[in-house]
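Note: the block below is data30.csv and it holds CSV, C-alpha atoms and all ligand atoms.
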```
chain,number,residue,atom,x,y,z
G,1,MET,CA,15.1,3.0,0.0
G,2,MET,CA,14.6,-0.6,-0.9
G,3,GLY,CA,12.5,-0.9,-4.1
G,4,ALA,CA,12.4,1.3,-7.1
G,5,GLY,CA,8.8,0.7,-8.3
G,6,SER,CA,6.2,3.5,-8.5
G,7,TRP,CA,6.0,4.3,-4.8
G,8,GLY,CA,9.6,3.4,-3.8
G,9,THR,CA,10.8,5.9,-6.4
G,10,ALA,CA,8.3,8.6,-5.6
G,11,PHE,CA,8.9,8.3,-1.9
G,12,ALA,CA,12.7,8.4,-2.4
G,13,LYS,CA,12.1,11.7,-4.3
G,14,VAL,CA,10.0,13.0,-1.3
G,15,LEU,CA,12.8,12.2,1.1
G,16,ALA,CA,15.4,13.8,-1.2
G,17,ASP,CA,13.3,16.9,-1.7
G,18,SER,CA,13.1,17.1,2.1
G,19,GLY,CA,16.9,17.4,2.3
G,20,THR,CA,17.5,13.7,3.2
G,21,ASP,CA,20.2,11.9,1.2
G,22,VAL,CA,18.8,8.7,-0.3
G,23,VAL,CA,20.3,5.5,-1.8
G,24,LEU,CA,17.6,3.8,-3.9
G,25,TRP,CA,18.0,0.0,-4.4
G,26,ALA,CA,16.5,-1.3,-7.7
G,27,ARG,CA,16.1,-5.0,-8.2
G,28,ARG,CA,17.0,-4.7,-11.9
G,29,PRO,CA,20.5,-3.2,-12.6
G,30,GLU,CA,19.3,-1.5,-15.8
G,31,VAL,CA,16.8,0.5,-13.7
G,32,ALA,CA,19.6,1.7,-11.3
G,33,ASP,CA,21.8,2.4,-14.4
G,34,GLU,CA,19.1,4.5,-16.0
G,35,ILE,CA,18.5,6.6,-12.9
G,36,THR,CA,22.3,7.1,-12.5
G,37,ARG,CA,22.6,8.1,-16.2
G,38,SER,CA,19.5,10.1,-16.9
G,39,ARG,CA,17.8,10.8,-13.5
G,40,VAL,CA,14.6,9.1,-14.7
G,41,ASN,CA,12.9,5.8,-13.9
G,42,SER,CA,11.1,5.5,-17.2
G,43,GLY,CA,9.3,2.2,-16.4
G,44,TYR,CA,7.4,3.7,-13.5
G,45,LEU,CA,7.6,7.5,-13.5
G,46,PRO,CA,8.6,8.5,-17.0
G,47,THR,CA,8.1,12.3,-16.6
G,48,THR,CA,9.8,12.7,-13.3
G,49,VAL,CA,13.3,14.0,-13.0
G,50,LEU,CA,14.9,12.7,-9.8
G,51,PRO,CA,17.0,15.1,-7.6
G,52,PRO,CA,20.8,14.9,-7.4
G,53,ASN,CA,20.9,13.8,-3.7
G,54,LEU,CA,19.2,10.5,-4.7
G,55,VAL,CA,21.6,7.9,-5.9
G,56,ALA,CA,20.6,4.5,-7.3
G,57,THR,CA,22.2,1.1,-7.0
G,58,ALA,CA,21.4,-2.5,-7.6
G,59,ASP,CA,23.7,-3.5,-4.8
G,60,ALA,CA,21.5,-4.0,-1.7
G,61,GLY,CA,24.5,-3.9,0.7
G,62,LYS,CA,25.5,-0.4,-0.6
G,63,ALA,CA,21.9,0.8,-0.2
G,64,LEU,CA,21.8,-0.4,3.4
G,65,ASP,CA,25.2,0.6,4.5
G,66,GLY,CA,25.0,3.3,7.3
G,67,ALA,CA,21.3,4.0,6.8
G,68,ARG,CA,19.4,5.6,9.7
G,69,ALA,CA,16.1,4.4,8.2
G,70,VAL,CA,15.6,1.4,5.9
G,71,VAL,CA,12.4,2.1,3.9
G,72,LEU,CA,10.9,-1.1,2.4
G,73,GLY,CA,9.0,-0.4,-0.9
G,74,VAL,CA,8.5,-3.9,-2.3
G,75,PRO,CA,5.1,-5.6,-2.8
G,76,SER,CA,3.6,-7.1,0.4
G,77,GLN,CA,3.7,-10.7,-0.6
G,78,THR,CA,7.5,-10.4,-1.5
G,79,LEU,CA,8.5,-8.5,1.7
G,80,ARG,CA,9.4,-11.6,3.7
G,81,ALA,CA,11.7,-13.1,1.1
G,82,ASN,CA,13.3,-9.8,0.3
G,83,LEU,CA,13.9,-8.8,3.9
G,84,ALA,CA,15.4,-12.3,4.7
G,85,ARG,CA,18.0,-11.6,2.0
G,86,TRP,CA,18.8,-8.2,3.5
G,87,ARG,CA,18.7,-9.1,7.2
G,88,SER,CA,22.4,-9.5,7.9
G,89,ALA,CA,23.1,-6.1,6.4
G,90,LEU,CA,20.5,-4.1,8.3
G,91,PRO,CA,22.3,-1.3,10.3
G,92,PRO,CA,21.9,-1.7,14.1
G,93,ASP,CA,19.3,0.6,15.5
G,94,SER,CA,18.0,1.7,12.1
G,95,THR,CA,14.3,2.3,11.8
G,96,LEU,CA,12.6,-0.2,9.5
G,97,VAL,CA,9.8,1.5,7.6
G,98,SER,CA,7.1,-0.3,5.6
G,99,LEU,CA,5.4,1.4,2.6
G,100,ALA,CA,3.5,-1.8,1.7
G,101,LYS,CA,-0.2,-2.1,2.0
G,102,GLY,CA,-1.3,-5.7,2.4
G,103,VAL,CA,-1.7,-8.7,4.7
G,104,GLU,CA,0.5,-11.7,4.1
G,105,LEU,CA,-1.1,-14.8,2.6
G,106,GLY,CA,-0.8,-17.9,4.8
G,107,THR,CA,0.4,-16.2,8.0
G,108,LEU,CA,-2.3,-13.4,7.9
G,109,LYS,CA,0.3,-11.0,9.3
G,110,ARG,CA,0.5,-7.3,8.8
G,111,MET,CA,3.7,-6.0,7.2
G,112,SER,CA,5.1,-4.6,10.5
G,113,GLU,CA,4.6,-8.1,12.0
G,114,VAL,CA,6.5,-9.7,9.1
G,115,ILE,CA,9.3,-7.2,9.6
G,116,ARG,CA,9.6,-7.8,13.3
G,117,GLU,CA,9.6,-11.5,12.8
G,118,VAL,CA,12.1,-11.6,9.9
G,119,ALA,CA,14.5,-8.9,11.2
G,120,GLU,CA,14.1,-9.9,14.8
G,121,VAL,CA,13.6,-6.4,16.0
G,122,PRO,CA,11.3,-5.0,18.7
G,123,GLU,CA,8.0,-3.3,17.6
G,124,ASP,CA,9.4,0.2,18.5
G,125,ARG,CA,11.9,-0.1,15.7
G,126,VAL,CA,9.3,-0.6,13.0
G,127,ALA,CA,7.3,2.3,11.3
G,128,VAL,CA,4.6,2.4,8.7
G,129,VAL,CA,3.8,5.1,6.1
G,130,SER,CA,0.2,5.1,4.9
G,131,GLY,CA,-2.2,7.7,3.5
G,132,PRO,CA,-3.8,9.0,0.3
G,133,ASN,CA,-0.5,8.8,-1.6
G,134,LEU,CA,-0.9,8.0,-5.3
G,135,ALA,CA,2.7,7.8,-6.5
G,136,LYS,CA,2.2,9.6,-9.8
G,137,GLU,CA,0.5,12.6,-8.1
G,138,ILE,CA,3.3,12.9,-5.5
G,139,ALA,CA,6.0,12.5,-8.1
G,140,ALA,CA,4.4,15.5,-9.8
G,141,GLU,CA,4.7,17.4,-6.5
G,142,GLN,CA,0.9,17.7,-6.0
G,143,PRO,CA,0.2,18.5,-2.3
G,144,THR,CA,-0.8,15.6,0.0
G,145,ALA,CA,-0.6,14.4,3.6
G,146,THR,CA,0.2,11.1,5.1
G,147,VAL,CA,0.6,9.3,8.4
G,148,ILE,CA,3.9,7.9,9.9
G,149,ALA,CA,2.9,5.4,12.5
G,150,CYS,CA,5.4,4.0,15.1
G,151,THR,CA,4.9,2.9,18.7
G,152,ASP,CA,8.1,4.9,19.4
G,153,HIS,CA,6.9,8.5,19.0
G,154,ASP,CA,10.5,9.9,18.8
G,155,ARG,CA,11.3,7.7,15.8
G,156,ALA,CA,8.1,8.8,14.1
G,157,VAL,CA,9.0,12.4,14.6
G,158,GLU,CA,12.5,11.8,13.2
G,159,LEU,CA,11.0,10.2,10.1
G,160,GLN,CA,8.4,13.0,9.9
G,161,HIS,CA,11.3,15.6,9.7
G,162,ALA,CA,13.1,13.4,7.1
G,163,CYS,CA,10.1,13.5,4.6
G,164,SER,CA,8.4,16.9,5.2
G,165,ASN,CA,8.6,19.3,2.3
G,166,ALA,CA,6.5,21.9,0.4
G,167,TYR,CA,4.2,19.3,-1.1
G,168,PHE,CA,4.3,16.4,1.4
G,169,ARG,CA,2.9,16.8,5.0
G,170,PRO,CA,3.3,13.8,7.3
G,171,TYR,CA,1.5,13.4,10.6
G,172,THR,CA,2.6,11.1,13.3
G,173,ASN,CA,0.5,8.4,15.0
G,174,VAL,CA,1.3,5.6,17.4
G,175,ASP,CA,-1.5,3.3,16.1
G,176,VAL,CA,0.4,1.0,13.7
G,177,VAL,CA,-2.4,-1.5,13.6
G,178,GLY,CA,-5.0,1.0,12.5
G,179,CYS,CA,-2.8,2.5,9.8
G,180,GLU,CA,-1.8,-0.9,8.4
G,181,LEU,CA,-5.4,-2.2,8.3
G,182,GLY,CA,-6.6,1.0,6.7
G,183,GLY,CA,-4.0,0.7,3.9
G,184,ALA,CA,-4.6,-3.0,3.3
G,185,CYS,CA,-8.4,-3.0,3.4
G,186,LYS,CA,-8.8,0.1,1.1
G,187,ASN,CA,-7.2,-1.8,-1.8
G,188,VAL,CA,-9.9,-4.4,-1.6
G,189,ILE,CA,-12.7,-1.9,-1.4
G,190,ALA,CA,-11.1,0.0,-4.4
G,191,LEU,CA,-11.4,-3.3,-6.4
G,192,ALA,CA,-15.1,-3.4,-5.5
G,193,CYS,CA,-15.5,0.3,-6.6
G,194,GLY,CA,-13.7,-0.5,-9.8
G,195,MET,CA,-16.0,-3.4,-10.5
G,196,ALA,CA,-19.0,-1.1,-9.9
G,197,ALA,CA,-17.6,1.5,-12.3
G,198,GLY,CA,-17.0,-1.2,-14.9
G,199,LEU,CA,-20.6,-2.3,-14.6
G,200,GLY,CA,-21.6,1.3,-15.3
G,201,PHE,CA,-22.8,2.4,-11.9
G,202,GLY,CA,-22.4,6.0,-10.7
G,203,ASP,CA,-21.6,8.0,-7.6
G,204,ASN,CA,-24.4,6.7,-5.3
G,205,THR,CA,-23.0,3.2,-5.7
G,206,MET,CA,-19.4,4.4,-5.2
G,207,ALA,CA,-20.4,6.3,-2.0
G,208,SER,CA,-22.3,3.3,-0.7
G,209,ILE,CA,-19.3,0.9,-1.3
G,210,ILE,CA,-16.8,3.4,0.2
G,211,THR,CA,-18.9,3.9,3.3
G,212,ARG,CA,-19.8,0.3,3.9
G,213,GLY,CA,-16.2,-0.6,3.1
G,214,LEU,CA,-15.1,1.7,5.9
G,215,ALA,CA,-17.7,0.1,8.2
G,216,GLU,CA,-16.3,-3.4,7.6
G,217,THR,CA,-12.7,-2.1,7.9
G,218,ALA,CA,-13.7,-0.5,11.2
G,219,ARG,CA,-15.2,-3.7,12.5
G,220,LEU,CA,-11.9,-5.6,11.7
G,221,GLY,CA,-9.9,-2.7,13.3
G,222,ALA,CA,-12.0,-2.8,16.5
G,223,ALA,CA,-11.5,-6.5,16.8
G,224,LEU,CA,-7.7,-6.2,16.3
G,225,GLY,CA,-7.2,-3.2,18.7
G,226,ALA,CA,-7.0,-0.3,16.2
G,227,ASP,CA,-8.1,3.2,17.3
G,228,PRO,CA,-11.3,4.0,15.4
G,229,LEU,CA,-10.1,7.6,15.0
G,230,THR,CA,-7.2,6.3,12.9
G,231,LEU,CA,-9.6,4.8,10.4
G,232,ALA,CA,-11.5,8.1,10.2
G,233,GLY,CA,-8.2,9.7,9.4
G,234,LEU,CA,-5.7,9.9,6.5
G,235,ALA,CA,-4.7,6.3,6.6
G,236,GLY,CA,-8.3,5.1,6.7
G,237,LEU,CA,-11.0,7.3,5.1
G,238,GLY,CA,-8.4,9.5,3.3
G,239,ASP,CA,-6.7,6.7,1.5
G,240,LEU,CA,-10.0,4.9,0.9
G,241,VAL,CA,-11.5,7.9,-0.9
G,242,ALA,CA,-8.3,8.6,-3.0
G,243,THR,CA,-7.9,5.0,-4.1
G,244,CYS,CA,-11.6,4.3,-4.8
G,245,ALA,CA,-12.1,7.5,-6.8
G,246,SER,CA,-8.8,7.7,-8.8
G,247,PRO,CA,-8.2,6.3,-12.3
G,248,LEU,CA,-4.5,6.2,-11.2
G,249,SER,CA,-5.2,3.5,-8.7
G,250,ARG,CA,-4.1,0.0,-9.9
G,251,ASN,CA,-6.6,-1.7,-7.7
G,252,ARG,CA,-9.5,0.4,-8.9
G,253,SER,CA,-8.4,0.0,-12.5
G,254,PHE,CA,-8.1,-3.8,-12.0
G,255,GLY,CA,-11.6,-4.0,-10.6
G,256,GLU,CA,-12.9,-1.9,-13.5
G,257,ARG,CA,-11.6,-4.4,-16.0
G,258,LEU,CA,-13.3,-7.2,-14.1
G,259,GLY,CA,-16.5,-5.2,-14.1
G,260,ARG,CA,-16.3,-4.8,-17.8
G,261,GLY,CA,-16.0,-8.5,-18.2
G,262,ASP,CA,-12.2,-9.1,-18.4
G,263,THR,CA,-10.9,-12.2,-16.7
G,264,VAL,CA,-8.5,-11.9,-13.8
G,265,ALA,CA,-5.6,-13.1,-16.1
G,266,ARG,CA,-6.4,-10.4,-18.6
G,267,ALA,CA,-6.6,-7.7,-15.9
G,268,GLN,CA,-3.3,-8.9,-14.6
G,269,GLU,CA,-1.7,-8.6,-18.1
G,270,ALA,CA,-3.0,-5.0,-18.4
G,271,ALA,CA,-1.3,-4.1,-15.1
G,272,HIS,CA,2.1,-4.5,-16.9
G,273,GLY,CA,3.7,-6.1,-13.9
G,274,GLN,CA,2.6,-3.5,-11.4
G,275,VAL,CA,1.1,-4.7,-8.2
G,276,ALA,CA,-2.7,-4.5,-7.4
G,277,GLU,CA,-2.3,-5.6,-3.8
G,278,GLY,CA,-6.0,-6.1,-3.1
G,279,VAL,CA,-6.2,-9.1,-5.4
G,280,LYS,CA,-4.2,-11.2,-2.9
G,281,SER,CA,-5.0,-9.3,0.2
G,282,CYS,CA,-8.8,-9.9,-0.3
G,283,SER,CA,-8.1,-13.5,0.5
G,284,SER,CA,-5.8,-13.0,3.5
G,285,ILE,CA,-8.1,-10.2,5.0
G,286,ARG,CA,-11.2,-12.4,4.5
G,287,GLU,CA,-9.4,-15.3,6.3
G,288,LEU,CA,-8.3,-13.1,9.1
G,289,ALA,CA,-11.8,-11.7,9.6
G,290,ALA,CA,-13.3,-15.2,9.5
G,291,ARG,CA,-10.8,-16.4,12.1
G,292,ILE,CA,-11.9,-13.7,14.6
G,293,GLY,CA,-15.6,-13.8,13.6
G,294,VAL,CA,-15.8,-10.4,11.9
G,295,ASP,CA,-18.3,-9.9,9.0
G,296,MET,CA,-16.7,-8.4,5.9
G,297,PRO,CA,-19.2,-9.0,3.0
G,298,ILE,CA,-17.6,-6.7,0.4
G,299,THR,CA,-14.1,-8.3,1.0
G,300,ASP,CA,-15.7,-11.7,0.9
G,301,GLY,CA,-17.4,-10.8,-2.4
G,302,VAL,CA,-14.2,-9.4,-3.9
G,303,HIS,CA,-12.4,-12.6,-3.0
G,304,ARG,CA,-15.1,-14.7,-4.7
G,305,VAL,CA,-14.9,-12.6,-7.9
G,306,CYS,CA,-11.0,-12.7,-8.0
G,307,HIS,CA,-10.5,-16.3,-7.0
G,308,GLU,CA,-13.8,-18.3,-7.3
G,309,GLY,CA,-15.1,-17.0,-10.7
G,310,LEU,CA,-18.1,-15.1,-9.3
G,311,ASP,CA,-19.5,-12.6,-11.8
G,312,PRO,CA,-19.3,-9.0,-10.5
G,313,ARG,CA,-23.1,-8.7,-11.4
G,314,ALA,CA,-23.8,-11.6,-9.1
G,315,LEU,CA,-21.7,-9.9,-6.4
G,316,THR,CA,-23.9,-6.8,-6.7
G,317,ALA,CA,-27.1,-8.9,-6.3
G,318,ALA,CA,-25.6,-10.9,-3.4
G,319,LEU,CA,-24.7,-7.7,-1.5
G,320,LEU,CA,-28.1,-6.1,-2.0
G,321,GLU,CA,-30.0,-9.2,-1.0
G,322,ARG,CA,-28.2,-9.7,2.3
G,323,GLU,CA,-30.3,-9.9,5.4
G,324,ARG,CA,-31.7,-6.4,6.4
G,325,LYS,CA,-29.9,-4.9,9.4
G,326,ALA,CA,-29.3,-1.7,11.3
G,327,GLU,CA,-26.6,0.6,10.0
G,328,ARG,CA,-24.4,0.4,13.1
G,329,GLN,CA,-24.6,-3.3,13.8
P,1,LIG,N1,2.1,3.1,-6.2
P,1,LIG,C1,1.4,3.8,-5.3
P,1,LIG,O1,0.8,4.8,-5.5
P,1,LIG,C2,1.5,3.4,-3.8
P,1,LIG,C3,1.9,2.1,-3.5
P,1,LIG,N2,1.9,1.7,-2.1
P,1,LIG,C4,2.3,0.4,-1.7
P,1,LIG,O2,3.7,0.3,-1.9
P,1,LIG,C5,4.1,-1.1,-2.2
P,1,LIG,C6,4.9,-1.1,-3.4
P,1,LIG,O3,4.1,-0.6,-4.5
P,1,LIG,P1,4.7,0.0,-5.8
P,1,LIG,O4,6.0,0.7,-5.7
P,1,LIG,O5,3.6,0.8,-6.3
P,1,LIG,O6,4.8,-1.3,-6.7
P,1,LIG,P2,5.4,-1.5,-8.1
P,1,LIG,O7,4.7,-2.7,-8.7
P,1,LIG,O8,5.3,-0.2,-8.8
P,1,LIG,O9,6.9,-1.8,-7.8
P,1,LIG,C7,7.4,-2.9,-7.0
P,1,LIG,C8,8.9,-2.8,-6.8
P,1,LIG,O10,9.3,-3.9,-6.0
P,1,LIG,C9,10.3,-4.6,-6.6
P,1,LIG,N3,10.4,-6.0,-6.2
P,1,LIG,C10,11.2,-6.6,-5.4
P,1,LIG,N4,11.0,-7.9,-5.3
P,1,LIG,C11,10.0,-8.2,-6.0
P,1,LIG,C12,9.3,-9.4,-6.3
P,1,LIG,N5,9.7,-10.5,-5.8
P,1,LIG,N6,8.3,-9.3,-7.1
P,1,LIG,C13,7.8,-8.2,-7.7
P,1,LIG,N7,8.4,-7.0,-7.4
P,1,LIG,C14,9.5,-7.0,-6.6
P,1,LIG,C15,10.1,-4.4,-8.1
P,1,LIG,O11,11.2,-4.6,-8.9
P,1,LIG,C16,9.6,-2.9,-8.1
P,1,LIG,O12,10.7,-2.1,-8.1
P,1,LIG,C17,2.7,-1.8,-2.4
P,1,LIG,O13,2.4,-2.5,-1.2
P,1,LIG,C18,1.7,-0.7,-2.6
P,1,LIG,O14,0.4,-1.1,-2.1
P,1,LIG,C19,1.6,2.6,-1.2
P,1,LIG,C20,1.3,3.9,-1.5
P,1,LIG,C21,1.2,4.4,-2.8
P,2,LIG,O1,-2.0,3.1,-2.0
P,2,LIG,C1,-2.2,3.9,-3.0
P,2,LIG,C2,-2.6,5.3,-2.8
P,2,LIG,O2,-2.5,5.7,-1.5
P,2,LIG,C3,-2.0,3.4,-4.4
P,2,LIG,O3,-3.1,2.6,-4.7
P,2,LIG,P1,-3.0,1.5,-5.9
P,2,LIG,O4,-2.0,0.5,-5.3
P,2,LIG,O5,-4.3,1.0,-6.0
P,2,LIG,O6,-2.4,2.2,-7.1
```
Would you kindly transcribe this structure into structure tokens?
Amino acid sequence: MMGAGSWGTAFAKVLADSGTDVVLWARRPEVADEITRSRVNSGYLPTTVLPPNLVATADAGKALDGARAVVLGVPSQTLRANLARWRSALPPDSTLVSLAKGVELGTLKRMSEVIREVAEVPEDRVAVVSGPNLAKEIAAEQPTATVIACTDHDRAVELQHACSNAYFRPYTNVDVVGCELGGACKNVIALACGMAAGLGFGDNTMASIITRGLAETARLGAALGADPLTLAGLAGLGDLVATCASPLSRNRSFGERLGRGDTVARAQEAAHGQVAEGVKSCSSIRELAARIGVDMPITDGVHRVCHEGLDPRALTAALLERERKAERQ
């Protein structure tokens, strides 16, 4: 498991609790030392005691040595650089698994595309885990489901067995594109929901943003070859609802601060170094959509708030004043 942040640590616990031995790589040696000494990663999951079949190290070579699956739990925009450092130590025929939910700035690539390019592996060696998976709830062993997507069904099933336990239920899917787009786009929509909450709006507004957010995600998915049913499932609607509704979501919380009048810089400070992926992915997704002629007004508006200084109130007005149209257009 490469990355000992919130989700990397929680997913390592899921694997260990499913009977899979895990070596967790932490970027900072003091984090690996703390886990080894006290079984706790206090910076991310202070109340979670990690199981004994999970060992931590700051030595990436040790973490990768002999791994059947290499799970990548670093932020999207850092994946390329991290993976390039690890490339020569990746075990042959291991499955490379992405936990990250984002689209790369500049290249506009999904995480599985970045992995294939950097590691020079075929698409059937790359898998994605995505669903309504707020790390803190899972670390507390609250029941949830997820999707493991891989074009090689057998690899997906192997991973499914490696992370199934009494509180975590993974489903397989061969639609990697749909799962990745669902995970990346919902972060942007959660920023918009947070802004609405910060402006004092209630549940009708939230439901409208969630539903129209799903509509624009589905348009992007259709244009890029995703199965529409994937976006109606756990990695689409499921994750969208969880993230847009939860005070635990970093993206929603970030948006809420903007809605209350904080600057992007102040919202970033309040995130204490944890990643709110939508702040960057709103720009890459917007550019990807524009490139293929897909209309994504909420994503466009979130980009303008985060990067062009638009006031969230003006975004609300702009969305409501758009040209009238049919719902399914
Ligand atoms: N936290 C959650 O509930 C969930 C997060 N995810 C996704 O998992 C990915 C990782 O998220 P988290 O673990 O929550 O992030 P985090 O911000 O809690 O931790 C990021 C980890 O990556 C490491 N890292 C390695 N290189 C880095 C670099 N150059 N810059 C910054 N950090 C670097 C950090 O040291 C840290 O251990 C994101 O794409 C996120 O969207 C997916 C599902 C749930
Ligand atoms: O992806 C997540 C839940 O599925 C976590 O969302 P945040 O990154 O907004 O905290």
Checklist entry - What lies within 7 Å of region 17-24 of chain G using only C-alpha atoms, ignoring chain neighbours under 3 positions off, as a PyMOL selection string? => result chain G and resi 1-4+12-14+53-57+63+162-165
Any chance you could export the current selection's C-alpha atoms as a PDB file, in the frame of the given file?
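Full text of selection-v7.pdb as output:
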```pdb
ATOM      1  CA  MET G   1      15.100   3.000   0.000  1.00  0.00           C
ATOM      2  CA  MET G   2      14.600  -0.600  -0.900  1.00  0.00           C
ATOM      3  CA  GLY G   3      12.500  -0.900  -4.100  1.00  0.00           C
ATOM      4  CA  ALA G   4      12.400   1.300  -7.100  1.00  0.00           C
ATOM      5  CA  ALA G  12      12.700   8.400  -2.400  1.00  0.00           C
ATOM      6  CA  LYS G  13      12.100  11.700  -4.300  1.00  0.00           C
ATOM      7  CA  VAL G  14      10.000  13.000  -1.300  1.00  0.00           C
ATOM      8  CA  ASN G  53      20.900  13.800  -3.700  1.00  0.00           C
ATOM      9  CA  LEU G  54      19.200  10.500  -4.700  1.00  0.00           C
ATOM     10  CA  VAL G  55      21.600   7.900  -5.900  1.00  0.00           C
ATOM     11  CA  ALA G  56      20.600   4.500  -7.300  1.00  0.00           C
ATOM     12  CA  THR G  57      22.200   1.100  -7.000  1.00  0.00           C
ATOM     13  CA  ALA G  63      21.900   0.800  -0.200  1.00  0.00           C
ATOM     14  CA  ALA G 162      13.100  13.400   7.100  1.00  0.00           C
ATOM     15  CA  CYS G 163      10.100  13.500   4.600  1.00  0.00           C
ATOM     16  CA  SER G 164       8.400  16.900   5.200  1.00  0.00           C
ATOM     17  CA  ASN G 165       8.600  19.300   2.300  1.00  0.00           C
TER      18      ASN G 165
END
```
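For ligand LIG 1 (chain P), the neighbouring protein, DNA and RNA residues, which are those within 6 Å when all atoms listed in the file are counted, are Gly3, Ala4, Gly5, Ser6, Trp7, Gly8, Ala26, Arg27, Gly73, Val74, Pro75, Ser76, Thr78, Leu99, Ala100, Lys101, Asn133, Leu134, Ala135, Gln274, Val275 and Glu277 of chain G.
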Same residues, C-alpha atoms, output as a tab-separated table (two decimals), in the frame of the given file:
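Final output, selection-v7.tsv:
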```tsv
chain	number	residue	atom	x	y	z
G	3	GLY	CA	12.50	-0.90	-4.10
G	4	ALA	CA	12.40	1.30	-7.10
G	5	GLY	CA	8.80	0.70	-8.30
G	6	SER	CA	6.20	3.50	-8.50
G	7	TRP	CA	6.00	4.30	-4.80
G	8	GLY	CA	9.60	3.40	-3.80
G	26	ALA	CA	16.50	-1.30	-7.70
G	27	ARG	CA	16.10	-5.00	-8.20
G	73	GLY	CA	9.00	-0.40	-0.90
G	74	VAL	CA	8.50	-3.90	-2.30
G	75	PRO	CA	5.10	-5.60	-2.80
G	76	SER	CA	3.60	-7.10	0.40
G	78	THR	CA	7.50	-10.40	-1.50
G	99	LEU	CA	5.40	1.40	2.60
G	100	ALA	CA	3.50	-1.80	1.70
G	101	LYS	CA	-0.20	-2.10	2.00
G	133	ASN	CA	-0.50	8.80	-1.60
G	134	LEU	CA	-0.90	8.00	-5.30
G	135	ALA	CA	2.70	7.80	-6.50
G	274	GLN	CA	2.60	-3.50	-11.40
G	275	VAL	CA	1.10	-4.70	-8.20
G	277	GLU	CA	-2.30	-5.60	-3.80
```
Ligand LIG 2 (chain P): which residues are within 9 Å, counting all atoms listed in the file? Reply as a short mmCIF file (atom, residue, chain, number, x, y, z; two decimals) with C-alpha atoms, keeping the file's coordinate frame.
```cif
data_model
loop_
_atom_site.label_atom_id
_atom_site.label_comp_id
_atom_site.auth_asym_id
_atom_site.auth_seq_id
_atom_site.Cartn_x
_atom_site.Cartn_y
_atom_site.Cartn_z
CA SER G 6 6.20 3.50 -8.50
CA TRP G 7 6.00 4.30 -4.80
CA LEU G 99 5.40 1.40 2.60
CA ALA G 100 3.50 -1.80 1.70
CA LYS G 101 -0.20 -2.10 2.00
CA SER G 130 0.20 5.10 4.90
CA GLY G 131 -2.20 7.70 3.50
CA PRO G 132 -3.80 9.00 0.30
CA ASN G 133 -0.50 8.80 -1.60
CA LEU G 134 -0.90 8.00 -5.30
CA ALA G 135 2.70 7.80 -6.50
CA THR G 146 0.20 11.10 5.10
CA GLY G 183 -4.00 0.70 3.90
CA ALA G 184 -4.60 -3.00 3.30
CA LYS G 186 -8.80 0.10 1.10
CA ASN G 187 -7.20 -1.80 -1.80
CA VAL G 188 -9.90 -4.40 -1.60
CA ALA G 190 -11.10 0.00 -4.40
CA LEU G 191 -11.40 -3.30 -6.40
CA ALA G 235 -4.70 6.30 6.60
CA GLY G 238 -8.40 9.50 3.30
CA ASP G 239 -6.70 6.70 1.50
CA LEU G 240 -10.00 4.90 0.90
CA ALA G 242 -8.30 8.60 -3.00
CA THR G 243 -7.90 5.00 -4.10
CA CYS G 244 -11.60 4.30 -4.80
CA SER G 246 -8.80 7.70 -8.80
CA PRO G 247 -8.20 6.30 -12.30
CA LEU G 248 -4.50 6.20 -11.20
CA SER G 249 -5.20 3.50 -8.70
CA ARG G 250 -4.10 0.00 -9.90
CA ASN G 251 -6.60 -1.70 -7.70
CA ARG G 252 -9.50 0.40 -8.90
CA SER G 253 -8.40 0.00 -12.50
CA PHE G 254 -8.10 -3.80 -12.00
CA GLN G 274 2.60 -3.50 -11.40
CA VAL G 275 1.10 -4.70 -8.20
CA ALA G 276 -2.70 -4.50 -7.40
CA GLU G 277 -2.30 -5.60 -3.80
CA GLY G 278 -6.00 -6.10 -3.10
#
```
Checklist entry - How would you write as a list in words the residues that get within 6 Å of (7.0, 2.0, 8.6) in the file's frame, counting all atoms listed in the file? => result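 The answer, in the requested form, is Val97, Ser98, Val126, Ala127, Val128 and Val129 of chain G.
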Checklist entry - Which of these, G:Ser281, G:Gln329, G:Gln77, G:Asn82, has the shortest distance to Arg212 (chain G) once you count only C-alpha atoms? => result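 Of the candidates, the smallest distance to Arg212 (chain G) is held by G:Gln329.
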Item to check | Within 12 Å of Gly178 (chain G) using all atoms listed in the file, minus same-chain residues under 6 positions, as a ChimeraX atom specification | outcome: /G:101,110,112,128-131,147-151,184-185,217-237
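If you look at CA of Thr9 (chain G) and CA of Thr48 (chain G), they are 9.7 Å away from each other.
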Checklist entry - Can you list, as a list in words, every protein, DNA or RNA residue that comes within 10 Å of Cys306 (chain G) when you count all atoms listed in the file, leaving out same-chain residues fewer than 4 positions away? => result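 The filter keeps Leu191, Gly255, Leu258, Thr263, Val264, Ala265, Gly278, Val279, Lys280, Cys282, Ser283, Gly301, Val302, Leu310, Asp311 and Pro312 of chain G.
Counting only C-alpha atoms and comparing G:Glu113, G:Leu108, G:Thr144, G:Arg155, the residue that lies closest to Arg68 (chain G) is G:Arg155.
CA of Ile298 (chain G) lies 7.4 Å from CA of Leu319 (chain G).
With distances taken over all atoms listed in the file, G:Ile189 is the one residue among G:Val294, G:Ile189, G:Val121, G:Met195 lying closest to Leu214 (chain G).
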Item to check | Atomic separation - CA of Glu117 (chain G) relative to CA of Trp86 (chain G), Å | outcome: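 It comes out at 13.5 Å.
Proximity of G:Val49, G:Leu181, G:Val103, G:Ile138 to Phe168 (chain G), computed with only C-alpha atoms, is greatest for G:Ile138.
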Checklist outcome for this item: Restricting to all atoms listed in the file, whichever of G:Ala289, G:Ile209, G:Cys193, G:Ala145 is closest to Leu320 (chain G) is G:Ile209
